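Written below as structure tokens is the structure these notes are about.
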Amino acid sequence: MPKLVIFRGDSVEHEIRLAGSTIRLGRHDRNDVVLDDSANGVSRFHAEIRAEAGTYFIVDLNSRNGVWISGRRIKDKAALALGVPVTLGGFELALEDDASATEFGGVPLLNQHTVVNAASVDRKDGPSRPAARSWSTRAPLTATQRQALLWSGAAATVLLICAITFAVLRYGHQPPPTVAENLPLVPPPETSLPPENPNKPLIDQNLADARVKMDTGDYAGALREHLQTVLELDPENTQALEMKRQADEAVAAAALPLKVPRPVAKPEEPAEVETPGIPRKPNEAWPDYTSRVRRIQVAFAEGKSSLDKQEFAAAIAHFRSVERDQPRYQGVDLSITEATVRQQKALEEAMNGGQLNEQAGKLREARLWYRKALEIDANSPNARDKMAALTERLTKSGLDAFETAEVRRKRNENARAIELYKETVDLLPRGHEKAREALKWLESLKP
Amino acid sequence: MNVNVSSRRRSALAFAVACYVLSTETLAVEQRRFLLFGDRNVTYRTFKDASGRFQLDYPTRDWSPFPAGGSAIAILARNDRAATVVIDLARLAEPLAPAEIERNAQIEFESVKEQQPKAKDFKSEILDTKAGRASLIRYARIGANGPERVMHYSVAVGRDLYRLDGVVVEESLARYEPIVMHMLLSFKAPADPTTSKP
């Protein structure tokens, strides 16, 4: 009759004779074999051993960490072969042929409720394999059993303290090994060192498998089958978190082209990073946004340039364009105010210069000042009125000069006539009939 | 008895003389003021340019034509040189339009002022005369024989621009200014060919 031997590390924790009935294993008390794993490497109802047609199978009861045989997690159930180890959390099971009996009454039958405790204080036997036994049953213990259990617990405690001390001295300052280089495919059995994290082998195995899958491009598989498991065991595992982040990015990148079809024959678009100071409007398409940003930046630069060149009207127009597209962009409202103030000041200076020259009878100089005033602010009513009145005066003077020039020319006073014709051209608006006539006479009287 | 008659006759004669003297003096003042009746007792004859370009009146007595030179085409003067009229002719490039008469008068005014920088009391006016619209500029200056008055009369006829300068010494102004003005205002161009005289 085969027996099921339960190991923890190199120690035999329990042996159970299989009588053909189903044995349920797990952390919960209602299991046939209680695998007391305080680090939760074993699920409450982890697995079952079933006998079917003369063969024993181990069935995974949807455990969180699964059932592992020869480094591979089984799906649903797998046949148990003699001597082939099966891993459940921090425990290892093996089916062996039962040909002996023990002094404690032999291997317990299946109908015994067995508790296998991971705490070392519960160990009754020494660490030697396979003689050591460290299980407890609900049946009353004899005095010899209690004594043996006590001594074995004390010995295990001393051994544990020694192992911890050794481990601290030996590995305390060494950097942690990288996953890809050092992780074995199969969770290594624990040696003499008591585990700091009982799930470490499982975690390491999962991480190694995840790395293999990621290297082959199966990021989704690595996430689903391994990394998720590791993070359930150790949610703060930095290595698993980093690998999960990489896998997530890879999965997202692979999924992106399916969600957003790339436009045909269109240049590659830059990353959608908003320009500081120009927030993207709700529902604003990216091309519209970039176009608006470009428009704002160009208009703002041109406004500054115009302001430097004292082209106030142009500067204000550019700044107002910016203000319409993006209010208060780089203090554009203040730029508008500054440009307006400077425009008004320059306008006043130009108007003053025009009036002073006009009063002095220097109409042409006055016209230059008023023309400048209109360049500063084409909409200034005062500048327009002054310019119109002055233009009228100049036209009158121009016509007067033309008439005098004509009489002078007829009197054969050509030198004076030429001067007057030039004055005519200068005073009359361009294109005026008399100005054209004066030009003609200037051409014909040219000495 | 005879003595009394003689005394009355002398008184009446003295009154008559006084009245005559007073009336003639008043007449002279008024004549000077309004340029009226100044030439009432002066008789004129016509001077015609030999080429038939112009003609004008000049007093029959004490005035004579004199030889001209340069741009002056005729000179008429009192024999004692107390008054003179010089006729000058310039050729225009084109005839002046009627609207240009005043502009021409203005130019004449400016020209005279430029040529006579020391002259004063300028007055300018536009006259409608036999020769057409003409400009008359009066001014005072110091001439070779002392202060004198000048009446600058200019009129454009076709492409001819006539300038007549009447000059009267200041002390004889009352007597000869009316005569000179009569001469200027009688200027006519071209001259009537049937009555042309040298």
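Letters A, B, ... go to the chains of the structure tokens in the order shown; residues in each chain start at 1; ligands are counted from 1 in the same order.
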Would you write out, as JSON lines, a table of all residues in chain A that have an atom no more than 10 Å from an atom of chain B, listing for each the closest atom pair and the distance in Å to one decimal, considering only C-alpha atoms and ordering rows by chain and rising residue number?
```
{"residue": "A:Asp400", "atom": "CA", "partner": "B:Arg103", "partner_atom": "CA", "distance": 9.3}
{"residue": "A:Glu403", "atom": "CA", "partner": "B:Arg103", "partner_atom": "CA", "distance": 7.5}
{"residue": "A:Thr404", "atom": "CA", "partner": "B:Arg103", "partner_atom": "CA", "distance": 6.5}
{"residue": "A:Ala405", "atom": "CA", "partner": "B:Arg103", "partner_atom": "CA", "distance": 9.9}
{"residue": "A:Glu406", "atom": "CA", "partner": "B:Glu100", "partner_atom": "CA", "distance": 8.7}
{"residue": "A:Val407", "atom": "CA", "partner": "B:Asn104", "partner_atom": "CA", "distance": 6.4}
{"residue": "A:Arg408", "atom": "CA", "partner": "B:Ile107", "partner_atom": "CA", "distance": 8.0}
{"residue": "A:Arg409", "atom": "CA", "partner": "B:Ala93", "partner_atom": "CA", "distance": 7.2}
{"residue": "A:Lys410", "atom": "CA", "partner": "B:Ala93", "partner_atom": "CA", "distance": 4.5}
{"residue": "A:Arg411", "atom": "CA", "partner": "B:Leu92", "partner_atom": "CA", "distance": 5.0}
{"residue": "A:Asn412", "atom": "CA", "partner": "B:Ala93", "partner_atom": "CA", "distance": 6.0}
{"residue": "A:Glu413", "atom": "CA", "partner": "B:Ala93", "partner_atom": "CA", "distance": 9.6}
```
Surrounding residues of stretch 375-380 of chain A excluding itself and chain neighbours under 4 positions, 10 Å, only C-alpha atoms, as number ranges by chain:
A: 310-314, 340, 342-348, 350, 369-371, 384-385
For the selection you just gave me, I'd like the residues written to a file as a PDB file, in the first residue's frame, keeping C-alpha atoms.
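Saved file part00.pdb follows:
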```
ATOM      1  CA  GLN A 310       7.652 100.770 -32.201  1.00  0.00           C
ATOM      2  CA  GLU A 311       5.019  99.512 -34.616  1.00  0.00           C
ATOM      3  CA  PHE A 312       2.412  99.752 -31.938  1.00  0.00           C
ATOM      4  CA  ALA A 313      -0.698  99.128 -34.004  1.00  0.00           C
ATOM      5  CA  ALA A 314       0.775  95.935 -35.427  1.00  0.00           C
ATOM      6  CA  THR A 340      -1.388 100.803 -25.888  1.00  0.00           C
ATOM      7  CA  ARG A 342       3.323 103.523 -25.542  1.00  0.00           C
ATOM      8  CA  GLN A 343       1.172 104.029 -28.615  1.00  0.00           C
ATOM      9  CA  GLN A 344      -0.748 106.838 -26.948  1.00  0.00           C
ATOM     10  CA  LYS A 345       2.442 108.527 -25.828  1.00  0.00           C
ATOM     11  CA  ALA A 346       4.012 108.317 -29.278  1.00  0.00           C
ATOM     12  CA  LEU A 347       0.775 109.543 -30.828  1.00  0.00           C
ATOM     13  CA  GLU A 348       0.697 112.577 -28.577  1.00  0.00           C
ATOM     14  CA  ALA A 350       3.617 113.145 -33.162  1.00  0.00           C
ATOM     15  CA  TRP A 369       4.386 114.429 -38.191  1.00  0.00           C
ATOM     16  CA  TYR A 370       0.715 113.783 -38.856  1.00  0.00           C
ATOM     17  CA  ARG A 371       1.619 110.963 -41.191  1.00  0.00           C
ATOM     18  CA  ARG A 384      -7.182 111.917 -39.197  1.00  0.00           C
ATOM     19  CA  ASP A 385      -8.868 115.326 -38.865  1.00  0.00           C
TER      20      ASP A 385
END
```
Surrounding residues of B:Met181 excluding itself and chain neighbours under 3 positions, 12 Å, only C-alpha atoms, as a ChimeraX atom specification:
/B:35-36,38-39,56-59,83-85,127,129,136-138,149-153,164-168,173-178,184-187
Using N, CA and C atoms, can you export the residues from the last selection as a compact mmCIF listing (two decimals), in the first residue's frame?
```txt
# COMPACT_ATOMS: atom_id res chain seq x y z
N LEU B 35 -7.67 163.73 -57.70
CA LEU B 35 -7.09 163.64 -59.05
C LEU B 35 -8.11 164.08 -60.11
N LEU B 36 -8.91 165.01 -59.74
CA LEU B 36 -9.93 165.49 -60.67
C LEU B 36 -9.54 166.88 -61.19
N GLY B 38 -7.38 167.85 -62.76
CA GLY B 38 -5.97 168.21 -62.78
C GLY B 38 -5.50 168.51 -64.19
N ASP B 39 -6.10 167.80 -65.12
CA ASP B 39 -5.65 168.01 -66.48
C ASP B 39 -6.72 168.74 -67.30
N LEU B 56 -0.48 155.91 -76.79
CA LEU B 56 -0.94 156.53 -75.55
C LEU B 56 -0.94 158.04 -75.73
N ASP B 57 -1.71 158.74 -74.86
CA ASP B 57 -1.77 160.20 -74.92
C ASP B 57 -0.61 160.79 -74.13
N TYR B 58 -0.19 161.97 -74.56
CA TYR B 58 0.77 162.71 -73.75
C TYR B 58 0.51 164.20 -73.98
N PRO B 59 0.85 165.05 -73.00
CA PRO B 59 0.52 166.47 -73.10
C PRO B 59 1.14 167.12 -74.34
N ALA B 83 8.61 164.98 -64.66
CA ALA B 83 7.78 163.77 -64.79
C ALA B 83 8.23 163.00 -66.04
N THR B 84 8.17 161.66 -65.94
CA THR B 84 8.63 160.82 -67.04
C THR B 84 7.76 159.58 -67.12
N VAL B 85 7.55 159.11 -68.35
CA VAL B 85 6.87 157.82 -68.55
C VAL B 85 7.77 156.98 -69.46
N LEU B 127 -6.80 147.30 -62.48
CA LEU B 127 -7.61 148.28 -63.21
C LEU B 127 -8.12 147.65 -64.50
N THR B 129 -8.81 148.70 -68.06
CA THR B 129 -8.45 149.83 -68.92
C THR B 129 -8.75 149.48 -70.36
N LEU B 136 -1.74 148.18 -61.32
CA LEU B 136 -1.08 149.45 -61.03
C LEU B 136 -0.48 149.37 -59.63
N ILE B 137 0.79 149.63 -59.56
CA ILE B 137 1.49 149.60 -58.28
C ILE B 137 2.10 150.99 -58.05
N ARG B 138 1.77 151.58 -56.92
CA ARG B 138 2.34 152.89 -56.59
C ARG B 138 3.33 152.70 -55.44
N ARG B 149 7.72 159.78 -56.81
CA ARG B 149 6.65 158.79 -56.79
C ARG B 149 6.66 158.03 -58.11
N VAL B 150 6.36 156.72 -58.00
CA VAL B 150 6.37 155.87 -59.18
C VAL B 150 5.01 155.20 -59.31
N MET B 151 4.47 155.22 -60.51
CA MET B 151 3.25 154.49 -60.85
C MET B 151 3.63 153.44 -61.88
N HIS B 152 3.64 152.18 -61.38
CA HIS B 152 4.07 151.06 -62.24
C HIS B 152 2.82 150.39 -62.80
N TYR B 153 2.65 150.52 -64.09
CA TYR B 153 1.46 150.01 -64.78
C TYR B 153 1.92 148.88 -65.69
N LEU B 164 4.69 150.15 -67.95
CA LEU B 164 4.83 151.60 -68.07
C LEU B 164 5.15 152.15 -66.68
N ASP B 165 6.28 152.78 -66.55
CA ASP B 165 6.68 153.37 -65.27
C ASP B 165 6.57 154.89 -65.37
N GLY B 166 5.56 155.44 -64.66
CA GLY B 166 5.46 156.90 -64.59
C GLY B 166 6.12 157.39 -63.32
N VAL B 167 7.05 158.34 -63.49
CA VAL B 167 7.83 158.83 -62.34
C VAL B 167 7.62 160.33 -62.22
N VAL B 168 7.26 160.82 -61.02
CA VAL B 168 7.03 162.24 -60.78
C VAL B 168 7.82 162.62 -59.53
N LEU B 173 4.29 166.49 -57.49
CA LEU B 173 3.34 165.38 -57.58
C LEU B 173 1.93 165.87 -57.87
N ALA B 174 1.54 166.95 -57.19
CA ALA B 174 0.18 167.43 -57.34
C ALA B 174 -0.10 167.87 -58.76
N ARG B 175 0.89 168.42 -59.40
CA ARG B 175 0.67 168.95 -60.74
C ARG B 175 0.74 167.86 -61.81
N TYR B 176 1.68 166.90 -61.60
CA TYR B 176 1.94 166.00 -62.73
C TYR B 176 1.41 164.58 -62.57
N GLU B 177 1.07 164.24 -61.36
CA GLU B 177 0.56 162.87 -61.18
C GLU B 177 -0.70 162.63 -62.01
N PRO B 178 -1.66 163.63 -62.01
CA PRO B 178 -2.86 163.40 -62.85
C PRO B 178 -2.52 163.25 -64.32
N LEU B 184 -1.05 156.90 -68.62
CA LEU B 184 -1.02 155.44 -68.43
C LEU B 184 -2.36 154.81 -68.81
N LEU B 185 -3.43 155.49 -68.37
CA LEU B 185 -4.75 154.89 -68.61
C LEU B 185 -5.15 154.99 -70.08
N SER B 186 -4.45 155.83 -70.81
CA SER B 186 -4.76 155.95 -72.24
C SER B 186 -3.99 154.94 -73.08
N PHE B 187 -3.13 154.16 -72.40
CA PHE B 187 -2.30 153.19 -73.14
C PHE B 187 -3.21 152.17 -73.82
```
Within stretch 377-440 of chain A, find each residue whose DSSP state, derived from the backbone, is alpha helix (DSSP H), and express the selection as a PyMOL selection string.
chain A and resi 381-410+414-427+433-440
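Proximity to B:Glu102 was assessed for B:Leu89, B:Glu114, B:Ala82, B:Val155 counting only C-alpha atoms; the smallest distance is recorded for B:Val155.
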